[in-house]
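J.: Input structure: model_12.cif, which contains mmCIF, C-alpha atoms.
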```cif
data_upload
#
loop_
_atom_site.label_atom_id
_atom_site.label_comp_id
_atom_site.auth_asym_id
_atom_site.auth_seq_id
_atom_site.Cartn_x
_atom_site.Cartn_y
_atom_site.Cartn_z
CA ALA A 1 129.90 124.46 105.91
CA ILE A 2 131.78 127.57 106.91
CA ARG A 3 128.92 128.98 108.93
CA SER A 4 127.64 126.88 111.80
CA PHE A 5 124.21 128.53 112.09
CA SER A 6 122.79 128.25 108.57
CA ARG A 7 120.39 125.54 109.78
CA PHE A 8 118.28 128.16 111.55
CA GLY A 9 117.23 129.86 108.33
CA ALA A 10 117.00 133.48 107.23
CA GLY A 11 114.45 134.43 109.88
CA ALA A 12 116.61 133.30 112.77
CA GLY A 13 118.46 136.61 112.90
CA LEU A 14 115.53 138.41 114.53
CA GLU A 15 115.17 135.61 117.07
CA PHE A 16 118.86 135.78 117.96
CA HIS A 17 118.62 139.56 118.21
CA SER A 18 115.90 139.27 120.84
CA LEU A 19 118.03 136.83 122.85
CA LEU A 20 121.36 138.68 122.80
CA ARG A 21 121.64 141.17 125.65
CA PHE A 22 124.50 143.57 126.31
CA SER A 23 124.71 146.23 128.99
CA GLU A 24 125.05 149.79 127.79
CA ALA A 25 128.69 150.86 128.09
CA PRO A 26 129.68 153.87 130.21
CA GLU A 27 129.90 157.17 128.35
CA TYR A 28 133.56 157.91 127.71
CA ARG A 29 134.39 161.55 126.95
CA ASN A 30 137.37 163.41 125.49
CA GLY A 31 139.90 165.12 127.66
CA VAL A 32 140.46 168.87 127.32
CA GLU A 33 143.59 168.27 125.23
CA CYS A 34 141.71 166.40 122.48
CA PRO A 35 141.18 168.00 119.06
CA SER A 36 137.56 168.79 118.32
CA THR A 37 135.81 166.72 115.71
CA ALA A 38 134.07 168.59 112.91
CA SER A 39 131.45 165.91 112.36
CA SER A 40 130.77 162.19 112.59
CA SER A 41 132.03 161.73 109.03
CA PRO A 42 134.83 159.16 108.59
CA CYS A 43 136.63 161.79 106.50
CA ASP A 44 137.31 163.98 109.54
CA PRO A 45 141.15 164.27 109.70
CA SER A 46 141.17 164.35 113.51
CA LEU A 47 139.89 160.78 113.80
CA VAL A 48 141.68 157.57 114.72
CA HIS A 49 140.42 154.80 112.45
CA ILE A 50 139.98 151.23 113.64
CA ALA A 51 138.74 148.41 111.41
CA MET A 52 137.26 145.21 112.82
CA THR A 53 135.05 142.44 111.56
CA LEU A 54 131.62 142.03 113.11
CA ASP A 55 129.73 138.78 113.10
CA TYR A 56 127.44 136.64 115.23
CA GLU A 57 130.05 134.14 116.40
CA TYR A 58 132.53 136.71 117.68
CA LEU A 59 130.11 139.50 118.64
CA ARG A 60 130.79 139.14 122.36
CA GLY A 61 134.52 139.48 121.75
CA SER A 62 134.05 142.44 119.42
CA ILE A 63 131.95 144.32 121.98
CA ALA A 64 134.59 143.73 124.67
CA ALA A 65 137.35 144.91 122.32
CA VAL A 66 135.52 148.15 121.50
CA HIS A 67 134.83 148.72 125.19
CA SER A 68 138.52 148.33 126.01
CA VAL A 69 139.58 150.78 123.31
CA LEU A 70 137.17 153.45 124.55
CA LYS A 71 137.96 152.92 128.22
CA HIS A 72 141.70 153.52 127.78
CA SER A 73 141.64 156.11 125.01
CA SER A 74 142.65 159.68 125.84
CA CYS A 75 140.23 160.92 123.16
CA PRO A 76 137.49 158.27 122.85
CA GLU A 77 135.13 160.55 120.95
CA ASN A 78 137.75 160.84 118.20
CA VAL A 79 137.89 157.12 117.54
CA PHE A 80 135.97 155.91 114.50
CA PHE A 81 135.20 152.22 114.09
CA HIS A 82 134.82 150.60 110.68
CA PHE A 83 132.96 147.31 111.11
CA ILE A 84 133.03 144.76 108.29
CA ALA A 85 130.01 142.44 108.39
CA ALA A 86 129.28 139.45 106.19
CA GLU A 87 126.38 139.74 103.80
CA PHE A 88 124.85 136.42 104.89
CA ASP A 89 125.76 136.24 108.56
CA SER A 90 123.25 134.71 111.01
CA LEU A 91 122.69 138.28 112.19
CA SER A 92 122.24 140.73 109.35
CA PRO A 93 124.51 143.79 109.14
CA ARG A 94 121.49 145.90 110.08
CA ILE A 95 120.84 143.97 113.28
CA LEU A 96 124.54 143.92 114.18
CA SER A 97 124.55 147.69 113.72
CA GLN A 98 121.56 148.03 116.05
CA LEU A 99 123.27 145.93 118.72
CA VAL A 100 126.41 148.06 118.54
CA ARG A 101 124.39 151.27 118.71
CA SER A 102 122.35 150.10 121.71
CA THR A 103 125.56 149.15 123.55
CA PHE A 104 127.54 152.26 122.58
CA PRO A 105 124.95 155.01 121.90
CA SER A 106 127.49 157.73 121.06
CA LEU A 107 130.03 155.60 119.19
CA ASN A 108 131.32 156.85 115.85
CA PHE A 109 131.06 153.88 113.51
CA LYS A 110 130.02 152.60 110.14
CA VAL A 111 129.09 149.07 109.10
CA TYR A 112 130.20 147.86 105.68
CA ILE A 113 128.84 144.77 103.98
CA PHE A 114 131.48 142.26 102.92
CA ARG A 115 130.41 140.11 100.01
CA GLU A 116 131.80 136.69 100.77
CA ASP A 117 131.70 135.66 97.11
CA ALA A 118 134.64 138.03 96.58
CA VAL A 119 136.92 135.58 98.36
CA ILE A 120 135.08 132.28 98.91
CA ASN A 121 136.60 130.60 95.85
CA LEU A 122 140.10 131.56 96.94
CA ILE A 123 139.93 130.02 100.42
CA SER A 124 141.74 126.74 101.04
CA SER A 125 141.20 124.31 103.89
CA SER A 126 143.10 125.11 107.08
CA VAL A 127 144.20 123.43 110.31
CA ARG A 128 141.11 124.84 112.08
CA GLN A 129 137.73 125.38 110.45
CA ALA A 130 137.24 128.79 112.06
CA LEU A 131 140.23 130.01 110.04
CA GLU A 132 138.26 129.33 106.84
CA ASN A 133 135.63 131.94 107.69
CA PRO A 134 135.57 134.42 104.77
CA LEU A 135 135.53 137.32 107.23
CA ASN A 136 139.09 136.36 108.21
CA TYR A 137 140.06 137.60 104.77
CA ALA A 138 138.21 140.92 104.98
CA ARG A 139 141.47 142.62 106.04
CA ASN A 140 142.73 141.95 102.49
CA TYR A 141 139.99 144.21 101.14
CA LEU A 142 140.09 147.18 103.50
CA GLY A 143 141.52 149.40 100.78
CA ASP A 144 138.47 148.63 98.63
CA ILE A 145 135.80 148.56 101.34
CA LEU A 146 136.61 151.61 103.46
CA ASP A 147 135.90 155.12 102.23
CA ALA A 148 138.61 156.49 99.94
CA CYS A 149 139.22 159.37 102.37
CA VAL A 150 140.45 156.90 105.01
CA SER A 151 144.19 156.88 104.44
CA ARG A 152 145.35 155.04 107.53
CA VAL A 153 143.73 152.41 109.74
CA ILE A 154 144.45 150.09 112.64
CA TYR A 155 143.14 146.60 112.01
CA LEU A 156 142.18 144.64 115.14
CA ASP A 157 140.92 141.10 115.61
CA SER A 158 137.84 140.53 117.75
CA ASP A 159 139.49 138.32 120.39
CA LEU A 160 141.61 140.97 122.07
CA ILE A 161 141.50 143.86 124.50
CA LEU A 162 143.58 147.01 124.84
CA VAL A 163 144.85 148.10 128.24
CA ASP A 164 146.60 151.21 126.94
CA ASP A 165 145.80 154.32 124.90
CA VAL A 166 145.21 153.45 121.24
CA TYR A 167 146.68 156.84 120.28
CA LYS A 168 150.13 155.50 121.12
CA LEU A 169 149.70 152.80 118.48
CA TRP A 170 148.07 155.20 116.02
CA ASN A 171 150.99 157.63 116.19
CA THR A 172 153.54 155.00 115.17
CA ALA A 173 155.42 156.14 112.07
CA LEU A 174 155.63 153.83 109.06
CA THR A 175 159.14 154.50 107.79
CA GLY A 176 161.01 153.62 104.61
CA GLY A 177 157.89 153.45 102.49
CA ARG A 178 156.48 150.55 104.53
CA VAL A 179 152.81 149.81 104.13
CA ILE A 180 152.07 147.98 107.36
CA GLY A 181 153.40 147.97 110.90
CA ALA A 182 153.09 145.13 113.40
CA PRO A 183 155.05 143.49 116.21
CA GLU A 184 157.54 141.05 114.65
CA TYR A 185 158.79 137.83 116.20
CA CYS A 186 162.10 137.01 114.55
CA HIS A 187 162.92 134.18 116.97
CA ALA A 188 160.05 132.11 115.55
CA ASN A 189 160.93 129.41 113.02
CA PHE A 190 159.67 131.14 109.88
CA SER A 191 160.08 128.05 107.71
CA THR A 192 157.30 126.21 109.56
CA TYR A 193 154.66 128.54 108.13
CA PHE A 194 155.13 127.02 104.67
CA THR A 195 155.12 123.47 103.38
CA THR A 196 157.96 121.38 102.03
CA ALA A 197 156.40 121.84 98.59
CA PHE A 198 157.00 125.59 98.92
CA TRP A 199 160.60 125.43 100.13
CA SER A 200 161.58 122.73 97.62
CA ASP A 201 160.36 124.83 94.68
CA GLU A 202 163.13 127.32 93.96
CA SER A 203 160.82 129.59 92.00
CA LEU A 204 158.62 129.94 95.09
CA SER A 205 161.19 130.02 97.87
CA ALA A 206 163.07 132.72 95.94
CA THR A 207 160.23 135.03 96.99
CA PHE A 208 162.18 135.82 100.13
CA ALA A 209 165.50 136.38 98.37
CA GLY A 210 167.11 139.58 99.64
CA ARG A 211 164.67 139.79 102.54
CA ARG A 212 164.94 138.84 106.21
CA PRO A 213 161.33 137.85 106.89
CA CYS A 214 160.01 137.50 110.43
CA TYR A 215 156.72 136.15 111.65
CA PHE A 216 154.07 138.74 112.51
CA ASN A 217 150.47 138.30 113.61
CA THR A 218 147.92 139.94 111.29
CA GLY A 219 145.41 140.43 114.11
CA VAL A 220 147.00 143.78 114.99
CA MET A 221 148.25 145.91 112.10
CA LEU A 222 148.73 149.58 111.34
CA MET A 223 148.08 150.05 107.62
CA ASP A 224 148.83 152.83 105.14
CA LEU A 225 145.80 152.52 102.86
CA VAL A 226 147.12 155.07 100.35
CA LYS A 227 150.16 152.94 99.56
CA TRP A 228 148.05 149.80 99.84
CA ARG A 229 145.71 151.01 97.11
CA GLU A 230 148.42 152.50 94.91
CA ASN A 231 150.45 149.30 94.90
CA GLN A 232 147.45 146.96 94.62
CA TYR A 233 148.43 144.76 97.54
CA ARG A 234 145.04 143.09 97.57
CA ILE A 235 145.79 141.65 94.15
CA LYS A 236 149.25 140.50 95.24
CA ILE A 237 147.73 138.64 98.19
CA GLU A 238 145.06 137.08 95.99
CA LYS A 239 147.71 135.75 93.61
CA TRP A 240 149.28 133.77 96.45
CA MET A 241 145.86 132.44 97.42
CA GLU A 242 145.37 131.31 93.83
CA MET A 243 148.75 129.58 93.96
CA GLN A 244 147.67 127.80 97.15
CA LYS A 245 144.67 126.37 95.31
CA LYS A 246 146.99 124.87 92.69
CA LYS A 247 149.78 123.71 94.99
CA ARG A 248 149.49 123.50 98.77
CA ILE A 249 152.24 125.82 99.99
CA TYR A 250 150.94 126.58 103.52
CA GLU A 251 148.58 125.17 106.18
CA LEU A 252 147.20 128.19 108.01
CA GLY A 253 144.43 130.47 106.76
CA SER A 254 144.80 134.18 105.96
CA LEU A 255 148.25 134.70 107.55
CA PRO A 256 150.71 133.12 105.05
CA PRO A 257 149.78 135.36 102.08
CA PHE A 258 150.59 138.38 104.26
CA LEU A 259 153.92 136.83 105.20
CA LEU A 260 154.68 136.19 101.53
CA VAL A 261 153.91 139.74 100.48
CA PHE A 262 155.19 141.72 103.49
CA GLY A 263 157.64 139.46 105.34
CA GLY A 264 160.89 141.37 105.81
CA ASN A 265 159.28 144.70 105.02
CA VAL A 266 157.15 145.39 108.11
CA GLU A 267 157.53 148.37 110.41
CA PRO A 268 158.47 146.73 113.72
CA ILE A 269 156.12 147.82 116.50
CA ASP A 270 156.84 147.15 120.17
CA HIS A 271 155.76 143.67 121.27
CA ARG A 272 153.60 145.19 123.99
CA TRP A 273 151.00 145.89 121.26
CA ASN A 274 150.30 142.24 120.56
CA GLN A 275 150.69 139.83 123.44
CA HIS A 276 149.25 137.12 121.21
CA GLY A 277 148.74 133.38 121.54
CA LEU A 278 146.70 133.58 124.76
CA GLY A 279 144.14 131.23 123.19
CA GLY A 280 146.73 128.47 122.95
CA ASP A 281 147.45 126.64 119.71
CA ASN A 282 144.96 125.91 116.92
CA VAL A 283 144.21 122.39 118.18
CA ARG A 284 144.05 122.26 122.00
CA GLY A 285 143.62 125.89 122.99
CA SER A 286 145.62 125.35 126.18
CA CYS A 287 146.49 128.05 128.71
CA ARG A 288 149.49 130.27 128.09
CA SER A 289 151.31 132.98 129.98
CA LEU A 290 152.35 136.43 128.83
CA HIS A 291 155.56 137.10 126.96
CA PRO A 292 158.16 138.97 129.03
CA GLY A 293 157.84 142.75 129.07
CA PRO A 294 155.14 145.43 129.31
CA VAL A 295 151.63 144.87 127.97
CA SER A 296 149.36 147.22 126.01
CA LEU A 297 147.21 144.67 124.19
CA LEU A 298 146.22 141.10 125.08
CA HIS A 299 145.27 138.85 122.20
CA TRP A 300 143.56 135.45 122.55
CA SER A 301 144.67 134.17 119.15
CA GLY A 302 144.45 130.40 118.93
CA LYS A 303 141.57 128.04 119.59
CA GLY A 304 140.68 129.04 123.17
CA LYS A 305 138.53 132.15 123.68
CA PRO A 306 138.11 133.79 127.09
CA TRP A 307 134.31 134.02 127.00
CA VAL A 308 134.04 130.31 126.20
CA ARG A 309 136.37 129.23 128.99
CA LEU A 310 134.84 131.60 131.54
CA ASP A 311 131.31 130.38 130.83
CA ALA A 312 132.48 126.77 131.01
CA LYS A 313 133.96 127.49 134.47
CA LYS A 314 137.35 126.41 133.11
CA PRO A 315 139.16 129.74 132.65
CA CYS A 316 142.84 130.21 132.17
CA PRO A 317 144.42 132.70 134.61
CA LEU A 318 144.70 135.47 132.00
CA ASP A 319 141.04 135.11 130.96
CA HIS A 320 140.11 137.05 134.09
CA LEU A 321 141.83 140.11 132.58
CA TRP A 322 139.29 140.03 129.73
CA LYS A 323 136.23 139.74 132.00
CA PRO A 324 136.01 143.44 133.11
CA TYR A 325 135.41 144.50 129.48
CA ASP A 326 132.67 141.93 128.86
CA LEU A 327 129.28 143.62 128.52
CA TYR A 328 127.29 140.50 127.78
CA ARG A 329 124.33 140.16 130.18
CA GLY A 330 123.63 136.44 129.82
CA ARG A 331 121.00 134.26 128.22
CA ARG A 332 117.32 134.46 128.95
CA GLU A 333 115.24 131.52 130.15
CA ARG A 334 113.63 131.22 126.74
CA ASP A 335 117.05 130.28 125.27
CA VAL A 336 116.63 126.87 126.89
CA GLN A 337 113.07 126.58 125.60
CA LEU A 338 114.33 127.25 122.07
CA GLY A 339 117.10 124.70 122.45
CA PHE A 340 120.09 127.03 122.67
CA GLY A 341 122.20 125.31 125.29
CA ALA A 342 125.63 126.22 126.57
CA SER A 343 127.35 124.44 123.70
CA SER A 344 125.26 125.97 120.91
CA GLY A 345 127.50 128.97 120.31
CA LEU A 346 124.81 131.54 121.06
CA ILE A 347 127.25 133.89 122.72
CA GLY A 348 130.16 133.54 120.40
CA TRP A 349 131.27 129.93 120.41
CA VAL A 350 133.74 128.90 117.71
#
```
Output the file's structure as C-alpha cells, nothing else.

T.:
Amino acid sequence: AIRSFSRFGAGAGLEFHSLLRFSEAPEYRNGVECPSTASSSPCDPSLVHIAMTLDYEYLRGSIAAVHSVLKHSSCPENVFFHFIAAEFDSLSPRILSQLVRSTFPSLNFKVYIFREDAVINLISSSVRQALENPLNYARNYLGDILDACVSRVIYLDSDLILVDDVYKLWNTALTGGRVIGAPEYCHANFSTYFTTAFWSDESLSATFAGRRPCYFNTGVMLMDLVKWRENQYRIKIEKWMEMQKKKRIYELGSLPPFLLVFGGNVEPIDHRWNQHGLGGDNVRGSCRSLHPGPVSLLHWSGKGKPWVRLDAKKPCPLDHLWKPYDLYRGRRERDVQLGFGASSGLIGWV
C-alpha cells in the first residue's frame, strides 16, 4: 500500500484533525517597498507563486516550510501558495485547508485536489516506499493543475526551510529558452541514476547525445509554466515513465524522468538555494553536514526527517536549524488512549 493510514477508514480524518495542533504563526507584513496587491486572486501579477504538496504524512514539514518562507520574505503578503492535496489522503483537502488557515490566518493560498489515478498506473517501485507516493509526481502536473494565469512558479518540497528572501530566487532569469532552473551538481556521477539496461541500449542512451547533463534535485525548481504547457513537458515525462514500466531504466522515483527530459538544459541556480541531502541517503538516513559555501535553503532530502529525529531525541546537528520554524504543539493525552504512539506517524512519520 502506498498510504500507511488507510486502515483507519474514511472517518479517521476528522479524528486526526482534532488531534493535530499547530500554534498560530506570527503575522508577517510587507515592507514599505513592496508592491500593493490588487486582490487575493492568484492572477495578481505582483505575486510570487510557490507550489507545494500538502498531505497528512508531511504536514508538519509543510507548515515549517511555509513559516520559513514568510519569516524571511521582504514582501510576505505578496507570496501566494498553491497546495496540491491528494484526493484520498487520510486528511481530506478540506481539513488540510482548515489547518493551514488556522495556522496562517492571513495567508494567500489555494488548495487543489490531485487525482492520484492520473499517475498511479505509471509509478514503478523505488528504492524507498515513500518515493512511490503519487503526490511526489504532482510536480509533473503543475501546468495542468494551477490556474492558467499562473505563468511562473517555484516548486518546493515539504522537508525544507528557507533562511533567505524567496524574492531572490523568484527573480532568477531563465535564459536561452530554458523551462526550469535549479542548482546543478555536475561533479555527481550522472550515470548512476540509470540502470545498465538504459546505458547498454543505444536507442535510450542516445537521449543525452549533444547534451552535458548534470544531476539536479527536483525538490527546488523555478518553472516557466507557459513554456511547460506549450511544449507539453508533462507528456514527455509520462512517456519515460511508461518506458520504465516496460524496461527498468532507473531505480529512483520521480527524479529520473526529469533528468531525462531536462538534463543539460537547466538554468543553473546558485547552490545556496538547495543545500540538499540533509536527510542522509534513502536507506539509512544518516547525519550529513552542509556543502561548502553560503546557505539560503536547507533541504532534508533522503530518509531522515528533522521532526522525526528531534522527537526521537536522536537529532543530527543540523536538525536544530529546522526546529525554530516548527509550529507543531505536540500530541494530546487522548492520542495514547486511541493508540497513536510515537512510532505511528501521527505527526508526519515516513

J.: Could you give me, as a list in words, the residues within 10 Å of stretch 205-212 of chain A, counting only C-alpha atoms and dropping anything in the same chain fewer than 4 positions from it?

T.: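 Listing them by chain and then by number gives Cys186, Phe194, Ala197, Phe198, Trp199, Ser200, Asp201, Leu259, Leu260, Val261, Phe262, Gly263, Gly264 and Asn265 of chain A.
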
J.: How far is it from atom CA of A:Leu135 to atom CA of A:Ser151, in Å with one decimal?

T.: 21.6 Å

J.: Between A:Asp270, A:Pro317, A:Val308, A:Leu54, which one has atoms that come closest to A:Leu290, using all atoms listed in the file?

T.: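 Smallest distance to A:Leu290 is found for A:Pro317.
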
J.: Apply the PyMOL selection byres ((chain A and resi 316) around 12) to the file shown and report the selected residues as a list in words.

T.: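 Evaluating the PyMOL selection byres ((chain A and resi 316) around 12) on these coordinates yields Leu278, Gly279, Gly280, Gly285, Ser286, Cys287, Arg288, Ser289, Leu290, Trp300, Gly304, Lys305, Pro306, Trp307, Val308, Arg309, Leu310, Asp311, Ala312, Lys313, Lys314, Pro315, Pro317, Leu318, Asp319, His320, Leu321, Trp322 and Lys323 of chain A.
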
J.: For stretch 77-90 of chain A, work out the shell of residues within 6 Å, counting all atoms listed in the file and skipping chain neighbours fewer than 6 positions away, then give it as number ranges by chain.

T.: A: 13, 30, 47-55, 108-115

J.: Restrict the calculation to only C-alpha atoms, then for each residue of stretch 249-305 of chain A with any atom at most 8 Å from an atom of stretch 161-164 of chain A give the closest atom pair and their distance in Å to one decimal, rows by chain and rising residue number, as JSON lines.

T.:
```
{"residue": "A:Val295", "atom": "CA", "partner": "A:Val163", "partner_atom": "CA", "distance": 7.5}
{"residue": "A:Ser296", "atom": "CA", "partner": "A:Asp164", "partner_atom": "CA", "distance": 4.9}
{"residue": "A:Leu297", "atom": "CA", "partner": "A:Leu162", "partner_atom": "CA", "distance": 4.4}
{"residue": "A:Leu298", "atom": "CA", "partner": "A:Ile161", "partner_atom": "CA", "distance": 5.5}
{"residue": "A:His299", "atom": "CA", "partner": "A:Ile161", "partner_atom": "CA", "distance": 6.7}
```

J.: Provide the atom CA of A:Tyr58 to atom CA of A:Asp159 distance in Å, to one decimal place.

T.: 7.6 Å

J.: Closest to A:Gly277 among A:Gly302, A:Gly181, A:Pro292, A:Pro256, using all atoms listed in the file?

T.: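 Distance minimum relative to A:Gly277 lands on A:Gly302.
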